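Just work_34.cif here, mmCIF, C-alpha atoms:
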data_entry
loop_
_atom_site.label_atom_id
_atom_site.label_comp_id
_atom_site.auth_asym_id
_atom_site.auth_seq_id
_atom_site.Cartn_x
_atom_site.Cartn_y
_atom_site.Cartn_z
CA MET A 1 -29.00 -28.16 -31.29
CA ALA A 2 -25.46 -27.39 -30.06
CA THR A 3 -25.02 -24.95 -32.93
CA SER A 4 -28.11 -22.99 -31.92
CA LYS A 5 -26.91 -22.80 -28.30
CA LEU A 6 -23.49 -21.58 -29.40
CA GLN A 7 -25.10 -19.05 -31.70
CA ALA A 8 -27.35 -17.86 -28.85
CA LEU A 9 -24.26 -17.45 -26.61
CA TRP A 10 -22.38 -15.64 -29.39
CA ASN A 11 -25.26 -13.20 -29.98
CA HIS A 12 -26.16 -12.70 -26.28
CA PRO A 13 -25.93 -9.07 -25.07
CA ALA A 14 -23.24 -10.23 -22.61
CA GLY A 15 -21.64 -12.65 -25.08
CA PRO A 16 -18.07 -12.92 -26.38
CA LYS A 17 -18.57 -10.06 -28.85
CA THR A 18 -18.87 -7.58 -25.96
CA ILE A 19 -16.78 -6.21 -23.11
CA HIS A 20 -19.46 -7.58 -20.77
CA PHE A 21 -18.03 -11.02 -21.44
CA TRP A 22 -14.30 -10.34 -21.51
CA ALA A 23 -13.95 -8.11 -18.43
CA PRO A 24 -15.27 -10.74 -15.98
CA THR A 25 -13.46 -13.50 -17.85
CA PHE A 26 -10.11 -11.81 -17.26
CA LYS A 27 -11.15 -10.93 -13.71
CA TRP A 28 -11.01 -14.65 -12.94
CA GLY A 29 -7.23 -14.15 -12.83
CA ILE A 30 -7.61 -12.28 -9.52
CA SER A 31 -9.59 -15.13 -7.98
CA ILE A 32 -7.15 -17.72 -9.29
CA ALA A 33 -4.23 -15.73 -7.85
CA ASN A 34 -6.03 -15.51 -4.51
CA VAL A 35 -6.56 -19.29 -4.52
CA ALA A 36 -2.85 -19.73 -5.26
CA ASP A 37 -2.16 -17.58 -2.18
CA PHE A 38 -3.93 -20.13 0.05
CA SER A 39 -0.52 -21.75 0.47
CA LYS A 40 1.08 -18.43 1.43
CA PRO A 41 1.80 -18.01 5.16
CA PRO A 42 -0.93 -15.88 6.82
CA GLU A 43 1.59 -13.34 8.12
CA LYS A 44 2.36 -12.39 4.51
CA LEU A 45 -1.29 -11.60 3.68
CA SER A 46 -2.41 -7.99 3.47
CA TYR A 47 -5.53 -6.73 5.25
CA PRO A 48 -6.13 -3.87 2.77
CA GLN A 49 -5.68 -6.10 -0.27
CA GLN A 50 -7.97 -8.86 1.00
CA MET A 51 -10.58 -6.36 2.18
CA ALA A 52 -10.55 -4.78 -1.29
CA VAL A 53 -10.96 -8.19 -2.95
CA ALA A 54 -13.78 -9.24 -0.59
CA CYS A 55 -15.66 -5.92 -0.76
CA THR A 56 -15.31 -5.73 -4.53
CA GLY A 57 -16.70 -9.23 -4.80
CA LEU A 58 -19.65 -8.50 -2.51
CA ILE A 59 -20.57 -5.17 -4.11
CA TRP A 60 -20.27 -6.31 -7.72
CA SER A 61 -22.08 -9.60 -7.04
CA ARG A 62 -25.11 -7.59 -6.06
CA TYR A 63 -24.70 -5.18 -8.98
CA SER A 64 -24.42 -7.99 -11.51
CA THR A 65 -27.90 -9.22 -10.57
CA VAL A 66 -29.66 -5.89 -11.12
CA ILE A 67 -28.10 -4.77 -14.41
CA THR A 68 -29.46 -5.52 -17.85
CA PRO A 69 -28.45 -7.82 -19.42
CA LYS A 70 -28.00 -10.28 -16.59
CA ASN A 71 -24.32 -11.20 -16.54
CA TRP A 72 -23.85 -14.52 -14.77
CA ASN A 73 -20.14 -14.59 -15.61
CA LEU A 74 -19.74 -11.32 -13.71
CA PHE A 75 -21.83 -12.68 -10.84
CA SER A 76 -19.85 -15.92 -10.54
CA VAL A 77 -16.42 -14.29 -10.66
CA ASN A 78 -17.44 -11.81 -7.98
CA VAL A 79 -18.84 -14.53 -5.72
CA ALA A 80 -15.50 -16.30 -6.11
CA MET A 81 -13.64 -13.06 -5.32
CA ALA A 82 -15.76 -12.45 -2.21
CA GLY A 83 -15.29 -16.05 -1.07
CA THR A 84 -11.53 -16.12 -1.52
CA GLY A 85 -11.10 -12.65 0.01
CA LEU A 86 -13.19 -13.54 3.06
CA TYR A 87 -11.33 -16.82 3.50
CA GLN A 88 -7.96 -15.03 3.33
CA LEU A 89 -9.17 -12.45 5.88
CA TYR A 90 -10.30 -15.29 8.15
CA ARG A 91 -6.84 -16.90 7.88
CA LYS A 92 -5.09 -13.59 8.61
CA ILE A 93 -7.32 -12.70 11.58
CA GLN A 94 -7.08 -16.21 13.01
CA HIS A 95 -3.29 -16.11 12.73
CA ASP A 96 -2.92 -12.62 14.21
CA TYR A 97 -5.24 -13.13 17.15
CA SER A 98 -4.30 -16.71 17.97
CA SER A 99 -0.62 -15.66 17.88
CA GLU A 100 -1.33 -12.83 20.32
CA ALA A 101 -3.23 -15.17 22.64
CA GLU A 102 -0.41 -17.71 22.56
CA ALA A 103 2.13 -14.96 23.29
CA ALA A 104 0.08 -13.73 26.26
CA VAL A 105 -0.17 -17.27 27.68
CA ALA A 106 3.57 -17.78 27.16
CA LYS A 107 4.36 -14.59 29.15
CA GLU A 108 2.37 -15.85 32.14
#
Let me see the file written as structure tokens.
Amino acid sequence: MATSKLQALWNHPAGPKTIHFWAPTFKWGISIANVADFSKPPEKLSYPQQMAVACTGLIWSRYSTVITPKNWNLFSVNVAMAGTGLYQLYRKIQHDYSSEAEAAVAKE
């Protein structure tokens, strides 16, 4: 039974014999790097970079559900990219605006 499932994966139109498998697999590196940046101070995060990661994740998540063959590896990596990008943007915005509010209160 396991052999037939592995053979089905191997012969799938988005299986390991195609670029449709390997491109999203290597794209996981971006999401993993973004998770590693969770420990980075928010002031060192980049708005343009995180917006690009989040928007890419959102756009390609949608695209991966309408193409043939369905590519769930592409969908999952892009959901992860969108999630990590949005979380990093939240951290950056929270830091920038809470810092400004604290500075304004300190001046008073």
Quiz item: What is the distance, in Å and to one decimal place, between CA of Ser31 (chain A) and CA of Val79 (chain A)?
Solution: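 These two atoms are separated by 9.5 Å.
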Quiz item: At what distance in Å, to one decimal, does CA of Arg62 (chain A) lie from CA of Arg91 (chain A)?
Solution: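 For CA of Arg91 (chain A) relative to CA of Arg62 (chain A), the distance reads 24.8 Å.
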Quiz item: So what does the PyMOL selection byres ((chain A and resi 30) around 10) actually pick up in this one, as a VMD selection string?
Solution: chain A and resid 26 to 29 31 to 36 53 77 to 78 80 to 81 84
Quiz item: Taking all atoms listed in the file into account, which of A:Ser61, A:Ser39, A:Gln50, A:Thr68 comes nearest Tyr87 (chain A)?
Solution: A:Gln50
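Each of A:Trp10, A:Phe38, A:Phe21, A:Tyr47 was compared to Lys92 (chain A) using only C-alpha atoms, and A:Tyr47 turns out to be the nearest.
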Report as JSON the centre and the edge lengths, in Å to one decimal, of the axis-aligned box holding every listed atom of region 15-27 of chain A, padded by 4 Å on each side.
{"center_x": -15.9, "center_y": -9.9, "center_z": -21.3, "size_x": 19.5, "size_y": 15.3, "size_z": 23.1}
Quiz prompt | Nearby residues (only C-alpha atoms) at most 12 Å from Thr25 (chain A), same-chain spacing under 6 positions excluded, as a PyMOL selection string | solution = chain A and resi 14-16+18-19+31-32+71-78
With C-alpha atoms kept, could you save the residues just selected as a PDB file, keeping the file's coordinate frame?
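This is the output file again_33.pdb:
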ATOM      1  CA  ALA A  14     -23.240 -10.230 -22.610  1.00  0.00           C
ATOM      2  CA  GLY A  15     -21.640 -12.650 -25.080  1.00  0.00           C
ATOM      3  CA  PRO A  16     -18.070 -12.920 -26.380  1.00  0.00           C
ATOM      4  CA  THR A  18     -18.870  -7.580 -25.960  1.00  0.00           C
ATOM      5  CA  ILE A  19     -16.780  -6.210 -23.110  1.00  0.00           C
ATOM      6  CA  SER A  31      -9.590 -15.130  -7.980  1.00  0.00           C
ATOM      7  CA  ILE A  32      -7.150 -17.720  -9.290  1.00  0.00           C
ATOM      8  CA  ASN A  71     -24.320 -11.200 -16.540  1.00  0.00           C
ATOM      9  CA  TRP A  72     -23.850 -14.520 -14.770  1.00  0.00           C
ATOM     10  CA  ASN A  73     -20.140 -14.590 -15.610  1.00  0.00           C
ATOM     11  CA  LEU A  74     -19.740 -11.320 -13.710  1.00  0.00           C
ATOM     12  CA  PHE A  75     -21.830 -12.680 -10.840  1.00  0.00           C
ATOM     13  CA  SER A  76     -19.850 -15.920 -10.540  1.00  0.00           C
ATOM     14  CA  VAL A  77     -16.420 -14.290 -10.660  1.00  0.00           C
ATOM     15  CA  ASN A  78     -17.440 -11.810  -7.980  1.00  0.00           C
TER      16      ASN A  78
END
Quiz item: Between CA of Ile59 (chain A) and CA of Gly83 (chain A), what is the spacing in Å?
Solution: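 Separation of CA of Gly83 (chain A) and CA of Ile59 (chain A): 12.5 Å.
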Quiz item: Which residues, written as a VMD selection string, have at least one atom at most 9 Å from Ile93 (chain A), with all atoms listed in the file counted and residues fewer than 5 positions away on the same chain left out?
Solution: chain A and resid 42 47 88 98
Quiz item: Residues at most 12 Å from Pro48 (chain A), counting all atoms listed in the file, excluding those fewer than 6 positions away in the same chain, as a PyMOL selection string?
Solution: chain A and resi 54-56+85-86+88-89+92
Practice problem: Pick out the closest residue to Trp60 (chain A) from this set: A:Asp96, A:Ala8, A:Lys44, A:Pro24. Count only C-alpha atoms. | Solution: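 Smallest separation from Trp60 (chain A) among the options: A:Pro24.
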Could you model all heavy atoms for region 15-26 of chain A and present them as a PDB file, in the frame of the given file?
ATOM      1  N   GLY A  15     -22.401 -11.579 -24.444  1.00  0.00           N
ATOM      2  CA  GLY A  15     -21.640 -12.650 -25.080  1.00  0.00           C
ATOM      3  C   GLY A  15     -20.225 -12.239 -25.443  1.00  0.00           C
ATOM      4  O   GLY A  15     -19.793 -11.110 -25.179  1.00  0.00           O
ATOM      5  N   PRO A  16     -19.489 -13.141 -26.067  1.00  0.00           N
ATOM      6  CA  PRO A  16     -18.070 -12.920 -26.380  1.00  0.00           C
ATOM      7  C   PRO A  16     -17.782 -11.765 -27.339  1.00  0.00           C
ATOM      8  O   PRO A  16     -16.640 -11.370 -27.487  1.00  0.00           O
ATOM      9  CB  PRO A  16     -17.623 -14.242 -27.003  1.00  0.00           C
ATOM     10  CG  PRO A  16     -18.682 -15.221 -26.745  1.00  0.00           C
ATOM     11  CD  PRO A  16     -19.914 -14.489 -26.398  1.00  0.00           C
ATOM     12  N   LYS A  17     -18.791 -11.210 -27.966  1.00  0.00           N
ATOM     13  CA  LYS A  17     -18.570 -10.060 -28.850  1.00  0.00           C
ATOM     14  C   LYS A  17     -18.570  -8.743 -28.083  1.00  0.00           C
ATOM     15  O   LYS A  17     -18.406  -7.693 -28.680  1.00  0.00           O
ATOM     16  CB  LYS A  17     -19.660 -10.006 -29.932  1.00  0.00           C
ATOM     17  CG  LYS A  17     -19.613 -11.154 -30.905  1.00  0.00           C
ATOM     18  CD  LYS A  17     -20.490 -10.932 -32.120  1.00  0.00           C
ATOM     19  CE  LYS A  17     -21.955 -10.908 -31.774  1.00  0.00           C
ATOM     20  NZ  LYS A  17     -22.820 -10.827 -32.961  1.00  0.00           N
ATOM     21  N   THR A  18     -18.755  -8.810 -26.753  1.00  0.00           N
ATOM     22  CA  THR A  18     -18.870  -7.580 -25.960  1.00  0.00           C
ATOM     23  C   THR A  18     -17.872  -7.549 -24.814  1.00  0.00           C
ATOM     24  O   THR A  18     -17.351  -8.582 -24.392  1.00  0.00           O
ATOM     25  CB  THR A  18     -20.287  -7.445 -25.355  1.00  0.00           C
ATOM     26  OG1 THR A  18     -20.455  -8.465 -24.366  1.00  0.00           O
ATOM     27  CG2 THR A  18     -21.364  -7.576 -26.405  1.00  0.00           C
ATOM     28  N   ILE A  19     -17.644  -6.373 -24.285  1.00  0.00           N
ATOM     29  CA  ILE A  19     -16.780  -6.210 -23.110  1.00  0.00           C
ATOM     30  C   ILE A  19     -17.425  -6.849 -21.874  1.00  0.00           C
ATOM     31  O   ILE A  19     -16.734  -7.230 -20.937  1.00  0.00           O
ATOM     32  CB  ILE A  19     -16.462  -4.715 -22.870  1.00  0.00           C
ATOM     33  CG1 ILE A  19     -15.374  -4.540 -21.809  1.00  0.00           C
ATOM     34  CG2 ILE A  19     -17.700  -3.960 -22.428  1.00  0.00           C
ATOM     35  CD1 ILE A  19     -14.028  -5.031 -22.216  1.00  0.00           C
ATOM     36  N   HIS A  20     -18.740  -6.989 -21.903  1.00  0.00           N
ATOM     37  CA  HIS A  20     -19.460  -7.580 -20.770  1.00  0.00           C
ATOM     38  C   HIS A  20     -19.083  -9.033 -20.555  1.00  0.00           C
ATOM     39  O   HIS A  20     -19.316  -9.582 -19.482  1.00  0.00           O
ATOM     40  CB  HIS A  20     -20.971  -7.462 -20.965  1.00  0.00           C
ATOM     41  CG  HIS A  20     -21.441  -6.072 -21.204  1.00  0.00           C
ATOM     42  ND1 HIS A  20     -21.353  -5.084 -20.248  1.00  0.00           N
ATOM     43  CD2 HIS A  20     -21.976  -5.486 -22.294  1.00  0.00           C
ATOM     44  CE1 HIS A  20     -21.821  -3.963 -20.735  1.00  0.00           C
ATOM     45  NE2 HIS A  20     -22.208  -4.173 -21.986  1.00  0.00           N
ATOM     46  N   PHE A  21     -18.519  -9.649 -21.560  1.00  0.00           N
ATOM     47  CA  PHE A  21     -18.030 -11.020 -21.440  1.00  0.00           C
ATOM     48  C   PHE A  21     -16.567 -11.046 -21.028  1.00  0.00           C
ATOM     49  O   PHE A  21     -16.167 -11.788 -20.128  1.00  0.00           O
ATOM     50  CB  PHE A  21     -18.213 -11.761 -22.774  1.00  0.00           C
ATOM     51  CG  PHE A  21     -17.626 -13.147 -22.776  1.00  0.00           C
ATOM     52  CD1 PHE A  21     -18.337 -14.207 -22.267  1.00  0.00           C
ATOM     53  CD2 PHE A  21     -16.357 -13.383 -23.290  1.00  0.00           C
ATOM     54  CE1 PHE A  21     -17.796 -15.490 -22.269  1.00  0.00           C
ATOM     55  CE2 PHE A  21     -15.812 -14.655 -23.298  1.00  0.00           C
ATOM     56  CZ  PHE A  21     -16.534 -15.711 -22.788  1.00  0.00           C
ATOM     57  N   TRP A  22     -15.751 -10.233 -21.688  1.00  0.00           N
ATOM     58  CA  TRP A  22     -14.300 -10.340 -21.510  1.00  0.00           C
ATOM     59  C   TRP A  22     -13.809  -9.763 -20.196  1.00  0.00           C
ATOM     60  O   TRP A  22     -12.860 -10.293 -19.615  1.00  0.00           O
ATOM     61  CB  TRP A  22     -13.579  -9.704 -22.699  1.00  0.00           C
ATOM     62  CG  TRP A  22     -13.814 -10.519 -23.922  1.00  0.00           C
ATOM     63  CD1 TRP A  22     -14.628 -10.217 -24.964  1.00  0.00           C
ATOM     64  CD2 TRP A  22     -13.297 -11.827 -24.173  1.00  0.00           C
ATOM     65  NE1 TRP A  22     -14.640 -11.245 -25.874  1.00  0.00           N
ATOM     66  CE2 TRP A  22     -13.828 -12.249 -25.409  1.00  0.00           C
ATOM     67  CE3 TRP A  22     -12.445 -12.684 -23.487  1.00  0.00           C
ATOM     68  CZ2 TRP A  22     -13.522 -13.490 -25.968  1.00  0.00           C
ATOM     69  CZ3 TRP A  22     -12.143 -13.911 -24.046  1.00  0.00           C
ATOM     70  CH2 TRP A  22     -12.676 -14.299 -25.268  1.00  0.00           C
ATOM     71  N   ALA A  23     -14.411  -8.700 -19.697  1.00  0.00           N
ATOM     72  CA  ALA A  23     -13.950  -8.110 -18.430  1.00  0.00           C
ATOM     73  C   ALA A  23     -14.058  -9.122 -17.278  1.00  0.00           C
ATOM     74  O   ALA A  23     -13.076  -9.363 -16.573  1.00  0.00           O
ATOM     75  CB  ALA A  23     -14.711  -6.831 -18.125  1.00  0.00           C
ATOM     76  N   PRO A  24     -15.220  -9.747 -17.061  1.00  0.00           N
ATOM     77  CA  PRO A  24     -15.270 -10.740 -15.980  1.00  0.00           C
ATOM     78  C   PRO A  24     -14.427 -11.979 -16.256  1.00  0.00           C
ATOM     79  O   PRO A  24     -13.904 -12.591 -15.325  1.00  0.00           O
ATOM     80  CB  PRO A  24     -16.748 -11.103 -15.871  1.00  0.00           C
ATOM     81  CG  PRO A  24     -17.470 -10.378 -16.914  1.00  0.00           C
ATOM     82  CD  PRO A  24     -16.538  -9.469 -17.614  1.00  0.00           C
ATOM     83  N   THR A  25     -14.271 -12.334 -17.522  1.00  0.00           N
ATOM     84  CA  THR A  25     -13.460 -13.500 -17.850  1.00  0.00           C
ATOM     85  C   THR A  25     -12.017 -13.285 -17.406  1.00  0.00           C
ATOM     86  O   THR A  25     -11.402 -14.158 -16.784  1.00  0.00           O
ATOM     87  CB  THR A  25     -13.546 -13.809 -19.357  1.00  0.00           C
ATOM     88  OG1 THR A  25     -14.918 -14.075 -19.682  1.00  0.00           O
ATOM     89  CG2 THR A  25     -12.684 -14.981 -19.727  1.00  0.00           C
ATOM     90  N   PHE A  26     -11.475 -12.105 -17.691  1.00  0.00           N
ATOM     91  CA  PHE A  26     -10.110 -11.810 -17.260  1.00  0.00           C
ATOM     92  C   PHE A  26     -10.024 -11.561 -15.760  1.00  0.00           C
ATOM     93  O   PHE A  26      -8.976 -11.757 -15.151  1.00  0.00           O
ATOM     94  CB  PHE A  26      -9.527 -10.639 -18.052  1.00  0.00           C
ATOM     95  CG  PHE A  26      -9.107 -11.033 -19.434  1.00  0.00           C
ATOM     96  CD1 PHE A  26      -9.867 -10.669 -20.530  1.00  0.00           C
ATOM     97  CD2 PHE A  26      -7.978 -11.804 -19.640  1.00  0.00           C
ATOM     98  CE1 PHE A  26      -9.492 -11.055 -21.807  1.00  0.00           C
ATOM     99  CE2 PHE A  26      -7.595 -12.194 -20.915  1.00  0.00           C
ATOM    100  CZ  PHE A  26      -8.356 -11.813 -22.002  1.00  0.00           C
TER     101      PHE A  26
END
